[in-house]
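Here's the structure, in structure tokens; my notes come after.
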Amino acid sequence: MDTLDKTEWDVIIAGTGLLQSLLALSLSRSGKQILHLDHNTYYGGHEAALSLSEAEEWAEKHAGDPPAGARSCFAQASVTKTAEGDANGSKLGFSRAYSLALAPQLIYARSNLLPALVSSRTHNQLDFQAVGSWFVVNGATEEGGQPRILRVPSGREDVFGDDSLDLRAKRSLMKFMRFVASYDEESEEARWAEIKNMALGHALRSKFGLNSDAAITPLLALALVEGNSADLTVEFTVPRIARHFRSIGMFGPGFSAVLPKWGGLAEIAQVACRACAVGGGVYVLGKGIRTATASADAKYEVELSDGEVVTTTWLTGCPDDLPSAAPPSTTSSPSKTQIVNRAIYIISSSLDSLFPPTSEGGPVPAGAVVRVDTGTAGGEAVNVLAHSSDSGECPSGQCVLYTSSMGSKESQDNAIQYLIRSVNEQPEPHVPWKLQYQQYISYPFDAEAATTSNIICLPPLSADIVLGDEVLDAVQHVWQQTTGVPADSFMKFVARGEESVEEQDTM
Amino acid sequence: MADSTQAAAAPKPSSSVKLVLLGEAAVGKSSLVLRFVNNDFQPNKEPTIGAAFLTQKTHLPTRTIKFEIWDTAGQERFASLAPMYYRNAQAALVVYDVTRASSLGKARHWVAELQRQASPGIVVCLVGNKVDLAEGDDGPDAEEEEGADGEEDGQGEAAAAAAVKPAAVKPAADEGAVRKVSTKEAKAYAEEEGLLFFETSAKSGLNVSEVFTAIANAIPEASLKGGRAGANAAAGAGTQAAIMAGADSSKVNLNAKAGGDKGQEGCAC
């Protein structure tokens with residue numbers, strides 16, 4: 001059986017991005033016949049991890065404008081290389097020494113995904129590493145001045161030990177941090193109602209007596225927001241700051257978030273696919289879906305990109321993995337397209353100062369977050385995710401920086417330059433290779449409209465640098481629809497025997 | 001001697017090695033793994049129509065290697081599982097059948113694919129299986145193995161194409177079950193490509209554990225360690241300490257929940 005033609009399936013999953021792969025994992029013990037396809041010849045879809053040459057191929061493919069009608073896609077991709085073996089003598093490693101993440105999102109320890117990976121017994125296949133420190137870089141220095149980099153205090157001890165704050169600022173900051181810890185509890189109800197619509201900066205000054213910008217910027221870094229404190233409300237930022245503090249110490253001392261080793265979310269997607277394959281799911285790369293038409297028995301006839309026709313009860317995937325006509329109702333809701341500028345920078349130095357140990361005996365951090373204030377009008381800031389070579393994404397002696405923002409690609413370039421200058425290494429590190437691209441994301445995604453038929457459209461992953469809980473919620477929603485079993489069994493699997501021997505039946 | 005003393009004093013460091021099993025259908029991939037896994041453990045069978053995942057430990061004098069073995073069994077025909085399986089794999093077992101010349105051709109294809117796509121530094125072992133058929137005189141049925149039940153035997157080529165229980169499938173082409181791939185030819189090829197090389201019999205167990213021990217020994221220590229911290233430790237305190245310290249230095253344990261609640265109280269002010 002080398003052909004899929006005329007085969008019958010319970011669920012066809014189109015695309016091997018994170019959401020589809022998590023769905024495959026959730027269905028891996030359901031007893032359903034699952035066909036998991038990807039029109040790409042690699043796994044991971046929009047969340048793939050790419051070697052250097054794969055990334056260059058990918059950039060060529062996505063160099064143009066987005067295709068008309070595309071609902072979630074990449075465009076305007078370009079790779080910039082500086083001459084190899086230049087004055088600094090630093091060179092790129094060979095292609096496969098890199099595993100660059102299209103989805104380098106950090107995962108907070110309190111994310112709903114991590115317990116699901118544990119209860120589905122997939123976490124043993126994954127290595128998670130700590131995102132250790134948060135930094136702020138102020139690029140708005142006087143002409144020719146050295147940009148300063150400061151580590152963000154991430155707890156009570158850090159605040160007391162911070163020499164840049166005076167005693168009054170420290171007291172105010174502690175007061176604010178206590179509020180953040182309990183903002184959503186009954187005891188703070190009145191205060192929350194009073195200040196939630198205020199701008200964060202205003203609330204900090206008037207309600208907590210925190211006057212120093214030096215104390216406010218780090219809070220914005222912890223909230224992982226792009227704008228400045230004048231524009232952002234308490235209601236928006238405080239839950240994001242709380243998310244950070246509430247995650248600290250969850251899986252060990254001194255860090256609040258983790259990243260999957262070997263190329264970000266791609267690794268989780270692949271481990272999820274492997275689990276589904278072990279459960280009997282059939283995997284075929286290089287095959288997409290051309291059309292889906294309703295047939296008898298409430299099933300669909302699905303034509304694949306090579307003309308084969310298969311039958312399925314359910315068909316699901318992210319917007320651009322499904323036939324453009326389906327589901328018909330998604331287009332009826334008004335949606336905007338968000339264009340996010342993203343970039344991947346390979347740095348000629350390991351930038352060790354970004355990855356200091358954050359606790360004694362804790363894991364060595366492989367990730368860091370840097371908020372770079374580029375000093376342009378409006379206090380534009382760029383959040384940079386830094387991954388050390390421990391992440392398996394680049395050879396040792398280098399590191400990879402990721403940006404994702406509404407700002408221009410020039411502002412991201414500037415941010416990287418400020419960041420590099422701020423660490424004050426000699427010789428000054430440079431960027432031997434970078435990939436810049438745009439991501440188009442349609443939002444808001446209307447899940448109800450998308451799931452009126454047995455063709456279920458999964459939402460695209462947002463370009464936020466934090467993996468949000470809505471991802472697993474969306475997967476659970478589809479899982480529930482296709483299986484109809486009680487919600488509390490979602491992603492809860494017994495161990496397959498540690499030393500088990502599994503044999504296959506005939507198909 | 002110093003090493004063994006040290007090993008006795010402290011628990012031996014243990015490392016996981018991801019190993020992917022590749023090769024043409026019906027060359028005996030699953031049988032090899034069954035033989036290897038059965039050596040120390042009673043099989044706990046769980047039927048599946050998909051791929052298989054098994055684990056087995058190999059004890060070396062200075063460390064324990066836990067193999068995580070990924071078998072693409074049953075899905076070779078779509079050639080889509082292998083890329084997912086060899087991603088980040090530290091070792092690959094490329095298996096051919098010494099009684100079938102075409103299977104060495106397929107093995108060469110896999111070796112080339114690994115060299116092109118897999119992790120740099122992956123340890124590749126070329127294994128010619130079914131030598132019992134080539135040396136004995138008891139015909140093609142001999143590969144039938146007690147540990148690998150013969151429920152699907154006699155399905156010939158169709159079964160082979162669906163990769164059903166390789167050990168149970170008779171080599172389709174040959175009546176006399178004679179060797180079609182000489183040791184010399186395969187060995188020369190393996191040397192040329194820098195591969196480990198063994199001829200095995202899953203049936204008799206010949207060389208099976210040797211294959212895995214050789215792979216375990218060939219895994220570079222660097223790929224067992226955790227990177228920077230491991231390297232630092234190595235500078236100060238020898239290999240043993242480096243493995244101990246390095247293996248998990250950057251790894252976060254998601255099961256460390258007990259500390260979590262305490263940590264939350266402590267840090268959220």
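How things are named: the first chain in the structure tokens is A, the next is B, and so on; residues count from 1 in each chain; ligands count from 1 in the order shown.
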
- Shell around Ile65 (chain B) at 8 Å using only C-alpha atoms, local window under 3 positions removed, as a list in words: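 Within the cut-off, the hits are Ser14, Ser15, Ser16, Val17, Lys57, Thr58, His59, Leu60 and Ala216 of chain B.
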
So that I have them on file, write out the residues from the current selection with all heavy atoms, as a PDB file, in the first residue's frame.
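Full text of out-v8.pdb as output:
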ATOM      1  N   SER B  14      24.210   8.127  33.992  1.00  0.00           N
ATOM      2  CA  SER B  14      23.312   7.501  33.029  1.00  0.00           C
ATOM      3  C   SER B  14      22.910   8.519  31.974  1.00  0.00           C
ATOM      4  O   SER B  14      22.578   9.648  32.302  1.00  0.00           O
ATOM      5  CB  SER B  14      22.079   6.976  33.765  1.00  0.00           C
ATOM      6  OG  SER B  14      21.154   6.484  32.844  1.00  0.00           O
ATOM      7  N   SER B  15      22.986   8.129  30.731  1.00  0.00           N
ATOM      8  CA  SER B  15      22.611   9.048  29.664  1.00  0.00           C
ATOM      9  C   SER B  15      21.641   8.370  28.720  1.00  0.00           C
ATOM     10  O   SER B  15      21.730   7.177  28.477  1.00  0.00           O
ATOM     11  CB  SER B  15      23.842   9.474  28.860  1.00  0.00           C
ATOM     12  OG  SER B  15      24.884   9.860  29.720  1.00  0.00           O
ATOM     13  N   SER B  16      20.741   9.171  28.207  1.00  0.00           N
ATOM     14  CA  SER B  16      19.819   8.648  27.208  1.00  0.00           C
ATOM     15  C   SER B  16      20.393   8.873  25.816  1.00  0.00           C
ATOM     16  O   SER B  16      20.983   9.912  25.546  1.00  0.00           O
ATOM     17  CB  SER B  16      18.467   9.346  27.294  1.00  0.00           C
ATOM     18  OG  SER B  16      17.819   8.968  28.479  1.00  0.00           O
ATOM     19  N   VAL B  17      20.217   7.898  24.952  1.00  0.00           N
ATOM     20  CA  VAL B  17      20.660   8.029  23.572  1.00  0.00           C
ATOM     21  C   VAL B  17      19.478   7.717  22.673  1.00  0.00           C
ATOM     22  O   VAL B  17      18.864   6.658  22.780  1.00  0.00           O
ATOM     23  CB  VAL B  17      21.836   7.070  23.279  1.00  0.00           C
ATOM     24  CG1 VAL B  17      22.074   6.963  21.779  1.00  0.00           C
ATOM     25  CG2 VAL B  17      23.098   7.547  23.977  1.00  0.00           C
ATOM     26  N   LYS B  57      18.546  -0.527  28.361  1.00  0.00           N
ATOM     27  CA  LYS B  57      19.793   0.000  28.904  1.00  0.00           C
ATOM     28  C   LYS B  57      20.987  -0.874  28.521  1.00  0.00           C
ATOM     29  O   LYS B  57      20.862  -2.095  28.454  1.00  0.00           O
ATOM     30  CB  LYS B  57      19.714   0.090  30.425  1.00  0.00           C
ATOM     31  CG  LYS B  57      18.841   1.237  30.879  1.00  0.00           C
ATOM     32  CD  LYS B  57      18.749   1.287  32.380  1.00  0.00           C
ATOM     33  CE  LYS B  57      17.845   2.446  32.788  1.00  0.00           C
ATOM     34  NZ  LYS B  57      17.196   2.243  34.060  1.00  0.00           N
ATOM     35  N   THR B  58      22.091  -0.239  28.297  1.00  0.00           N
ATOM     36  CA  THR B  58      23.355  -0.938  28.104  1.00  0.00           C
ATOM     37  C   THR B  58      24.317  -0.436  29.169  1.00  0.00           C
ATOM     38  O   THR B  58      24.464   0.776  29.347  1.00  0.00           O
ATOM     39  CB  THR B  58      23.925  -0.662  26.701  1.00  0.00           C
ATOM     40  OG1 THR B  58      23.178  -1.400  25.754  1.00  0.00           O
ATOM     41  CG2 THR B  58      25.371  -1.095  26.605  1.00  0.00           C
ATOM     42  N   HIS B  59      24.927  -1.373  29.875  1.00  0.00           N
ATOM     43  CA  HIS B  59      25.837  -0.980  30.946  1.00  0.00           C
ATOM     44  C   HIS B  59      27.272  -1.037  30.459  1.00  0.00           C
ATOM     45  O   HIS B  59      27.764  -2.081  30.061  1.00  0.00           O
ATOM     46  CB  HIS B  59      25.653  -1.895  32.155  1.00  0.00           C
ATOM     47  CG  HIS B  59      24.263  -1.826  32.711  1.00  0.00           C
ATOM     48  ND1 HIS B  59      23.846  -0.794  33.527  1.00  0.00           N
ATOM     49  CD2 HIS B  59      23.189  -2.616  32.523  1.00  0.00           C
ATOM     50  CE1 HIS B  59      22.571  -0.983  33.844  1.00  0.00           C
ATOM     51  NE2 HIS B  59      22.145  -2.082  33.233  1.00  0.00           N
ATOM     52  N   LEU B  60      27.917   0.104  30.471  1.00  0.00           N
ATOM     53  CA  LEU B  60      29.335   0.171  30.154  1.00  0.00           C
ATOM     54  C   LEU B  60      30.093   0.266  31.468  1.00  0.00           C
ATOM     55  O   LEU B  60      29.500   0.557  32.511  1.00  0.00           O
ATOM     56  CB  LEU B  60      29.619   1.407  29.282  1.00  0.00           C
ATOM     57  CG  LEU B  60      28.888   1.461  27.932  1.00  0.00           C
ATOM     58  CD1 LEU B  60      29.292   2.713  27.177  1.00  0.00           C
ATOM     59  CD2 LEU B  60      29.190   0.219  27.107  1.00  0.00           C
ATOM     60  N   ALA B 216      27.064   2.396  21.890  1.00  0.00           N
ATOM     61  CA  ALA B 216      27.174   3.126  23.159  1.00  0.00           C
ATOM     62  C   ALA B 216      28.591   3.663  23.343  1.00  0.00           C
ATOM     63  O   ALA B 216      28.791   4.798  23.766  1.00  0.00           O
ATOM     64  CB  ALA B 216      26.793   2.200  24.315  1.00  0.00           C
TER      65      ALA B 216
END

- Task: May I have the residues within 7 Å of Gly45 (chain A) as a ChimeraX atom specification, using only C-alpha atoms and disregarding those fewer than 4 positions away in the same chain?
- Result: /A:15-17

Export of prior selection with N, CA, C and O atoms as an mmCIF file, in the first residue's frame:
data_model
loop_
_atom_site.group_PDB
_atom_site.id
_atom_site.type_symbol
_atom_site.label_atom_id
_atom_site.label_comp_id
_atom_site.auth_asym_id
_atom_site.auth_seq_id
_atom_site.Cartn_x
_atom_site.Cartn_y
_atom_site.Cartn_z
ATOM 1 N N GLY A 15 -1.377 19.605 8.110
ATOM 2 C CA GLY A 15 -0.328 20.467 8.648
ATOM 3 C C GLY A 15 0.239 19.895 9.936
ATOM 4 O O GLY A 15 -0.481 19.290 10.735
ATOM 5 N N THR A 16 1.542 20.068 10.121
ATOM 6 C CA THR A 16 2.189 19.532 11.323
ATOM 7 C C THR A 16 2.720 20.651 12.223
ATOM 8 O O THR A 16 3.704 20.498 12.923
ATOM 9 N N GLY A 17 2.055 21.798 12.178
ATOM 10 C CA GLY A 17 2.388 22.868 13.112
ATOM 11 C C GLY A 17 2.044 22.469 14.543
ATOM 12 O O GLY A 17 1.527 21.379 14.786
#

- Given only C-alpha atoms as the counted atoms, nearest of B:Ser209, B:Gln56, B:Asn253, B:Gln117 to His123 (chain A):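 Nearest to His123 (chain A): B:Asn253.
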
- Judged by only C-alpha atoms, the minimum distance to Trp192 (chain A) among A:Ser404, A:Thr316, A:Asn112, A:Thr233 is found for A:Thr233

- Val284 (chain A) surroundings by only C-alpha atoms, 6 Å radius, close-in-sequence under 6 positions cut, as a ChimeraX atom specification: /A:37 /B:78,80

- From A:Thr313, A:Ser247, A:Gln439, A:Thr293, residue lying nearest chain B [only C-alpha atoms]: A:Ser247

Mind listing the helix (DSSP H, G or I) residues of region 169-219 of chain B, per DSSP on the backbone, as a PDB file with N, CA, C and O atoms, in the first residue's frame?
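Output saved as states_24.pdb:
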ATOM      1  N   THR B 183      30.401 -10.334   3.165  1.00  0.00           N
ATOM      2  CA  THR B 183      30.911  -9.573   4.297  1.00  0.00           C
ATOM      3  C   THR B 183      31.933  -8.543   3.814  1.00  0.00           C
ATOM      4  O   THR B 183      31.942  -7.399   4.258  1.00  0.00           O
ATOM      5  N   LYS B 184      32.746  -8.968   2.882  1.00  0.00           N
ATOM      6  CA  LYS B 184      33.827  -8.113   2.398  1.00  0.00           C
ATOM      7  C   LYS B 184      33.275  -6.837   1.758  1.00  0.00           C
ATOM      8  O   LYS B 184      33.722  -5.729   2.052  1.00  0.00           O
ATOM      9  N   GLU B 185      32.264  -7.022   0.910  1.00  0.00           N
ATOM     10  CA  GLU B 185      31.687  -5.875   0.203  1.00  0.00           C
ATOM     11  C   GLU B 185      31.085  -4.872   1.198  1.00  0.00           C
ATOM     12  O   GLU B 185      31.355  -3.671   1.131  1.00  0.00           O
ATOM     13  N   ALA B 186      30.297  -5.376   2.130  1.00  0.00           N
ATOM     14  CA  ALA B 186      29.620  -4.487   3.073  1.00  0.00           C
ATOM     15  C   ALA B 186      30.620  -3.809   3.995  1.00  0.00           C
ATOM     16  O   ALA B 186      30.501  -2.621   4.317  1.00  0.00           O
ATOM     17  N   LYS B 187      31.621  -4.577   4.403  1.00  0.00           N
ATOM     18  CA  LYS B 187      32.613  -4.026   5.318  1.00  0.00           C
ATOM     19  C   LYS B 187      33.408  -2.908   4.649  1.00  0.00           C
ATOM     20  O   LYS B 187      33.679  -1.869   5.256  1.00  0.00           O
ATOM     21  N   ALA B 188      33.741  -3.134   3.380  1.00  0.00           N
ATOM     22  CA  ALA B 188      34.489  -2.113   2.645  1.00  0.00           C
ATOM     23  C   ALA B 188      33.662  -0.833   2.538  1.00  0.00           C
ATOM     24  O   ALA B 188      34.172   0.279   2.736  1.00  0.00           O
ATOM     25  N   TYR B 189      32.378  -1.014   2.266  1.00  0.00           N
ATOM     26  CA  TYR B 189      31.495   0.140   2.168  1.00  0.00           C
ATOM     27  C   TYR B 189      31.424   0.873   3.511  1.00  0.00           C
ATOM     28  O   TYR B 189      31.512   2.107   3.566  1.00  0.00           O
ATOM     29  N   ALA B 190      31.277   0.116   4.589  1.00  0.00           N
ATOM     30  CA  ALA B 190      31.170   0.725   5.914  1.00  0.00           C
ATOM     31  C   ALA B 190      32.433   1.502   6.254  1.00  0.00           C
ATOM     32  O   ALA B 190      32.380   2.607   6.810  1.00  0.00           O
ATOM     33  N   GLU B 191      33.591   0.927   5.909  1.00  0.00           N
ATOM     34  CA  GLU B 191      34.857   1.613   6.212  1.00  0.00           C
ATOM     35  C   GLU B 191      34.978   2.906   5.429  1.00  0.00           C
ATOM     36  O   GLU B 191      35.392   3.937   5.952  1.00  0.00           O
ATOM     37  N   GLU B 192      34.550   2.823   4.163  1.00  0.00           N
ATOM     38  CA  GLU B 192      34.600   3.994   3.295  1.00  0.00           C
ATOM     39  C   GLU B 192      33.768   5.140   3.874  1.00  0.00           C
ATOM     40  O   GLU B 192      34.152   6.305   3.830  1.00  0.00           O
ATOM     41  N   GLU B 193      32.611   4.814   4.441  1.00  0.00           N
ATOM     42  CA  GLU B 193      31.695   5.843   4.935  1.00  0.00           C
ATOM     43  C   GLU B 193      31.871   6.131   6.424  1.00  0.00           C
ATOM     44  O   GLU B 193      31.155   6.959   6.982  1.00  0.00           O
ATOM     45  N   VAL B 208      24.141  -9.331  18.513  1.00  0.00           N
ATOM     46  CA  VAL B 208      23.109  -8.309  18.702  1.00  0.00           C
ATOM     47  C   VAL B 208      23.488  -7.338  19.822  1.00  0.00           C
ATOM     48  O   VAL B 208      23.494  -6.129  19.635  1.00  0.00           O
ATOM     49  N   SER B 209      23.846  -7.881  20.984  1.00  0.00           N
ATOM     50  CA  SER B 209      24.197  -6.954  22.066  1.00  0.00           C
ATOM     51  C   SER B 209      25.495  -6.216  21.737  1.00  0.00           C
ATOM     52  O   SER B 209      25.692  -5.078  22.149  1.00  0.00           O
ATOM     53  N   GLU B 210      26.370  -6.873  20.938  1.00  0.00           N
ATOM     54  CA  GLU B 210      27.623  -6.221  20.547  1.00  0.00           C
ATOM     55  C   GLU B 210      27.355  -4.952  19.741  1.00  0.00           C
ATOM     56  O   GLU B 210      28.069  -3.959  19.859  1.00  0.00           O
ATOM     57  N   VAL B 211      26.327  -5.004  18.905  1.00  0.00           N
ATOM     58  CA  VAL B 211      25.975  -3.828  18.104  1.00  0.00           C
ATOM     59  C   VAL B 211      25.691  -2.641  19.019  1.00  0.00           C
ATOM     60  O   VAL B 211      26.231  -1.545  18.841  1.00  0.00           O
ATOM     61  N   PHE B 212      24.867  -2.881  20.023  1.00  0.00           N
ATOM     62  CA  PHE B 212      24.447  -1.766  20.883  1.00  0.00           C
ATOM     63  C   PHE B 212      25.583  -1.309  21.789  1.00  0.00           C
ATOM     64  O   PHE B 212      25.719  -0.114  22.072  1.00  0.00           O
ATOM     65  N   THR B 213      26.399  -2.248  22.240  1.00  0.00           N
ATOM     66  CA  THR B 213      27.551  -1.850  23.051  1.00  0.00           C
ATOM     67  C   THR B 213      28.510  -0.995  22.232  1.00  0.00           C
ATOM     68  O   THR B 213      29.024   0.020  22.707  1.00  0.00           O
ATOM     69  N   ALA B 214      28.726  -1.402  20.980  1.00  0.00           N
ATOM     70  CA  ALA B 214      29.639  -0.634  20.126  1.00  0.00           C
ATOM     71  C   ALA B 214      29.100   0.772  19.891  1.00  0.00           C
ATOM     72  O   ALA B 214      29.853   1.750  19.916  1.00  0.00           O
ATOM     73  N   ILE B 215      27.800   0.868  19.674  1.00  0.00           N
ATOM     74  CA  ILE B 215      27.205   2.192  19.476  1.00  0.00           C
ATOM     75  C   ILE B 215      27.365   3.028  20.745  1.00  0.00           C
ATOM     76  O   ILE B 215      27.780   4.186  20.702  1.00  0.00           O
ATOM     77  N   ALA B 216      27.064   2.396  21.890  1.00  0.00           N
ATOM     78  CA  ALA B 216      27.174   3.126  23.159  1.00  0.00           C
ATOM     79  C   ALA B 216      28.591   3.663  23.343  1.00  0.00           C
ATOM     80  O   ALA B 216      28.791   4.798  23.766  1.00  0.00           O
ATOM     81  N   ASN B 217      29.572   2.838  22.990  1.00  0.00           N
ATOM     82  CA  ASN B 217      30.961   3.272  23.144  1.00  0.00           C
ATOM     83  C   ASN B 217      31.346   4.362  22.161  1.00  0.00           C
ATOM     84  O   ASN B 217      32.259   5.145  22.413  1.00  0.00           O
ATOM     85  N   ALA B 218      30.665   4.384  21.027  1.00  0.00           N
ATOM     86  CA  ALA B 218      31.048   5.326  19.973  1.00  0.00           C
ATOM     87  C   ALA B 218      30.391   6.689  20.127  1.00  0.00           C
ATOM     88  O   ALA B 218      30.771   7.637  19.453  1.00  0.00           O
TER      89      ALA B 218
END

- Task: Mind checking which residues fall within 10 Å of Ala266 (chain A), counting only C-alpha atoms, ignoring those fewer than 2 positions away in the same chain, and posting them as a ChimeraX atom specification?
- Result: /A:16-18,21,43-50,99-104,260-264,268-272

For the selection just defined, write its residues with N, CA, C and O atoms to a file, as an mmCIF file, in the first residue's frame.
data_model
loop_
_atom_site.group_PDB
_atom_site.id
_atom_site.type_symbol
_atom_site.label_atom_id
_atom_site.label_comp_id
_atom_site.auth_asym_id
_atom_site.auth_seq_id
_atom_site.Cartn_x
_atom_site.Cartn_y
_atom_site.Cartn_z
ATOM 1 N N THR A 16 1.542 20.068 10.121
ATOM 2 C CA THR A 16 2.189 19.532 11.323
ATOM 3 C C THR A 16 2.720 20.651 12.223
ATOM 4 O O THR A 16 3.704 20.498 12.923
ATOM 5 N N GLY A 17 2.055 21.798 12.178
ATOM 6 C CA GLY A 17 2.388 22.868 13.112
ATOM 7 C C GLY A 17 2.044 22.469 14.543
ATOM 8 O O GLY A 17 1.527 21.379 14.786
ATOM 9 N N LEU A 18 2.343 23.360 15.484
ATOM 10 C CA LEU A 18 2.173 23.015 16.897
ATOM 11 C C LEU A 18 0.745 22.589 17.221
ATOM 12 O O LEU A 18 0.528 21.562 17.869
ATOM 13 N N SER A 21 -0.233 19.251 15.707
ATOM 14 C CA SER A 21 0.533 18.150 16.302
ATOM 15 C C SER A 21 0.029 17.842 17.709
ATOM 16 O O SER A 21 -0.050 16.675 18.102
ATOM 17 N N TYR A 43 8.618 18.748 8.972
ATOM 18 C CA TYR A 43 7.635 18.849 10.060
ATOM 19 C C TYR A 43 7.656 20.239 10.682
ATOM 20 O O TYR A 43 8.661 20.946 10.637
ATOM 21 N N GLY A 44 6.543 20.618 11.275
ATOM 22 C CA GLY A 44 6.522 21.831 12.085
ATOM 23 C C GLY A 44 5.742 22.990 11.494
ATOM 24 O O GLY A 44 5.375 23.908 12.211
ATOM 25 N N GLY A 45 5.502 22.961 10.178
ATOM 26 C CA GLY A 45 4.715 24.023 9.555
ATOM 27 C C GLY A 45 5.237 25.410 9.904
ATOM 28 O O GLY A 45 6.431 25.686 9.765
ATOM 29 N N HIS A 46 4.356 26.263 10.392
ATOM 30 C CA HIS A 46 4.770 27.628 10.754
ATOM 31 C C HIS A 46 5.654 27.653 11.995
ATOM 32 O O HIS A 46 6.200 28.682 12.350
ATOM 33 N N GLU A 47 5.759 26.515 12.680
ATOM 34 C CA GLU A 47 6.574 26.466 13.893
ATOM 35 C C GLU A 47 7.824 25.610 13.679
ATOM 36 O O GLU A 47 8.402 25.082 14.622
ATOM 37 N N ALA A 48 8.249 25.459 12.442
ATOM 38 C CA ALA A 48 9.370 24.557 12.150
ATOM 39 C C ALA A 48 10.683 25.095 12.710
ATOM 40 O O ALA A 48 10.812 26.277 13.044
ATOM 41 N N ALA A 49 11.653 24.210 12.811
ATOM 42 C CA ALA A 49 13.040 24.599 13.111
ATOM 43 C C ALA A 49 13.867 24.254 11.883
ATOM 44 O O ALA A 49 13.704 23.187 11.302
ATOM 45 N N LEU A 50 14.738 25.163 11.493
ATOM 46 C CA LEU A 50 15.421 25.029 10.208
ATOM 47 C C LEU A 50 16.931 25.116 10.368
ATOM 48 O O LEU A 50 17.439 25.924 11.138
ATOM 49 N N SER A 99 19.689 25.115 14.326
ATOM 50 C CA SER A 99 18.293 24.683 14.332
ATOM 51 C C SER A 99 17.488 25.918 14.714
ATOM 52 O O SER A 99 17.148 26.140 15.863
ATOM 53 N N LEU A 100 17.267 26.766 13.719
ATOM 54 C CA LEU A 100 16.681 28.084 13.973
ATOM 55 C C LEU A 100 15.164 27.959 14.070
ATOM 56 O O LEU A 100 14.530 27.307 13.255
ATOM 57 N N ALA A 101 14.612 28.608 15.081
ATOM 58 C CA ALA A 101 13.204 28.390 15.411
ATOM 59 C C ALA A 101 12.323 29.457 14.765
ATOM 60 O O ALA A 101 12.508 30.652 15.004
ATOM 61 N N LEU A 102 11.361 29.028 13.960
ATOM 62 C CA LEU A 102 10.343 29.969 13.494
ATOM 63 C C LEU A 102 9.415 30.335 14.651
ATOM 64 O O LEU A 102 8.729 31.337 14.611
ATOM 65 N N ALA A 103 9.398 29.491 15.680
ATOM 66 C CA ALA A 103 8.564 29.767 16.852
ATOM 67 C C ALA A 103 9.404 29.602 18.122
ATOM 68 O O ALA A 103 9.395 28.548 18.742
ATOM 69 N N PRO A 104 10.161 30.644 18.478
ATOM 70 C CA PRO A 104 11.033 30.547 19.661
ATOM 71 C C PRO A 104 10.327 30.915 20.967
ATOM 72 O O PRO A 104 10.976 31.147 21.972
ATOM 73 N N PRO A 260 11.862 24.908 24.927
ATOM 74 C CA PRO A 260 12.215 23.543 24.530
ATOM 75 C C PRO A 260 13.541 23.565 23.772
ATOM 76 O O PRO A 260 13.747 24.425 22.920
ATOM 77 N N LYS A 261 14.428 22.628 24.124
ATOM 78 C CA LYS A 261 15.715 22.556 23.442
ATOM 79 C C LYS A 261 15.526 22.136 21.989
ATOM 80 O O LYS A 261 14.547 21.482 21.660
ATOM 81 N N TRP A 262 16.464 22.505 21.124
ATOM 82 C CA TRP A 262 16.547 22.052 19.726
ATOM 83 C C TRP A 262 15.631 22.786 18.765
ATOM 84 O O TRP A 262 15.202 22.221 17.766
ATOM 85 N N GLY A 263 15.270 24.016 19.055
ATOM 86 C CA GLY A 263 14.542 24.730 18.013
ATOM 87 C C GLY A 263 13.127 25.106 18.374
ATOM 88 O O GLY A 263 12.249 25.142 17.521
ATOM 89 N N GLY A 264 12.917 25.385 19.644
ATOM 90 C CA GLY A 264 11.651 25.975 20.062
ATOM 91 C C GLY A 264 10.473 25.028 19.946
ATOM 92 O O GLY A 264 10.585 23.823 20.152
ATOM 93 N N ILE A 268 8.393 20.374 20.263
ATOM 94 C CA ILE A 268 7.162 19.876 20.886
ATOM 95 C C ILE A 268 6.250 19.288 19.812
ATOM 96 O O ILE A 268 5.662 18.225 19.986
ATOM 97 N N ALA A 269 6.166 19.976 18.666
ATOM 98 C CA ALA A 269 5.312 19.482 17.583
ATOM 99 C C ALA A 269 5.783 18.099 17.130
ATOM 100 O O ALA A 269 4.971 17.188 16.939
ATOM 101 N N GLN A 270 7.085 17.928 16.992
ATOM 102 C CA GLN A 270 7.585 16.638 16.500
ATOM 103 C C GLN A 270 7.387 15.524 17.523
ATOM 104 O O GLN A 270 7.045 14.400 17.161
ATOM 105 N N VAL A 271 7.609 15.846 18.784
ATOM 106 C CA VAL A 271 7.414 14.827 19.813
ATOM 107 C C VAL A 271 5.936 14.423 19.859
ATOM 108 O O VAL A 271 5.600 13.244 20.009
ATOM 109 N N ALA A 272 5.060 15.385 19.666
ATOM 110 C CA ALA A 272 3.626 15.083 19.650
ATOM 111 C C ALA A 272 3.284 14.188 18.460
ATOM 112 O O ALA A 272 2.527 13.224 18.591
#

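Each of A:Ser349, A:Asn138, A:Ser51, A:Gln20 was checked against chain B using only C-alpha atoms; the smallest atom-to-atom distance is that of A:Ser51.
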
- Could you please determine the separation between CA of Ala202 (chain B) and CA of Ala134 (chain B) in Å, to one decimal place?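 So the answer is 13.0 Å.
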
- Message: Report, in Å with one decimal, the straight-line distance from CA of Glu24 (chain B) to CA of Ser28 (chain A).
- Response: 26.0 Å
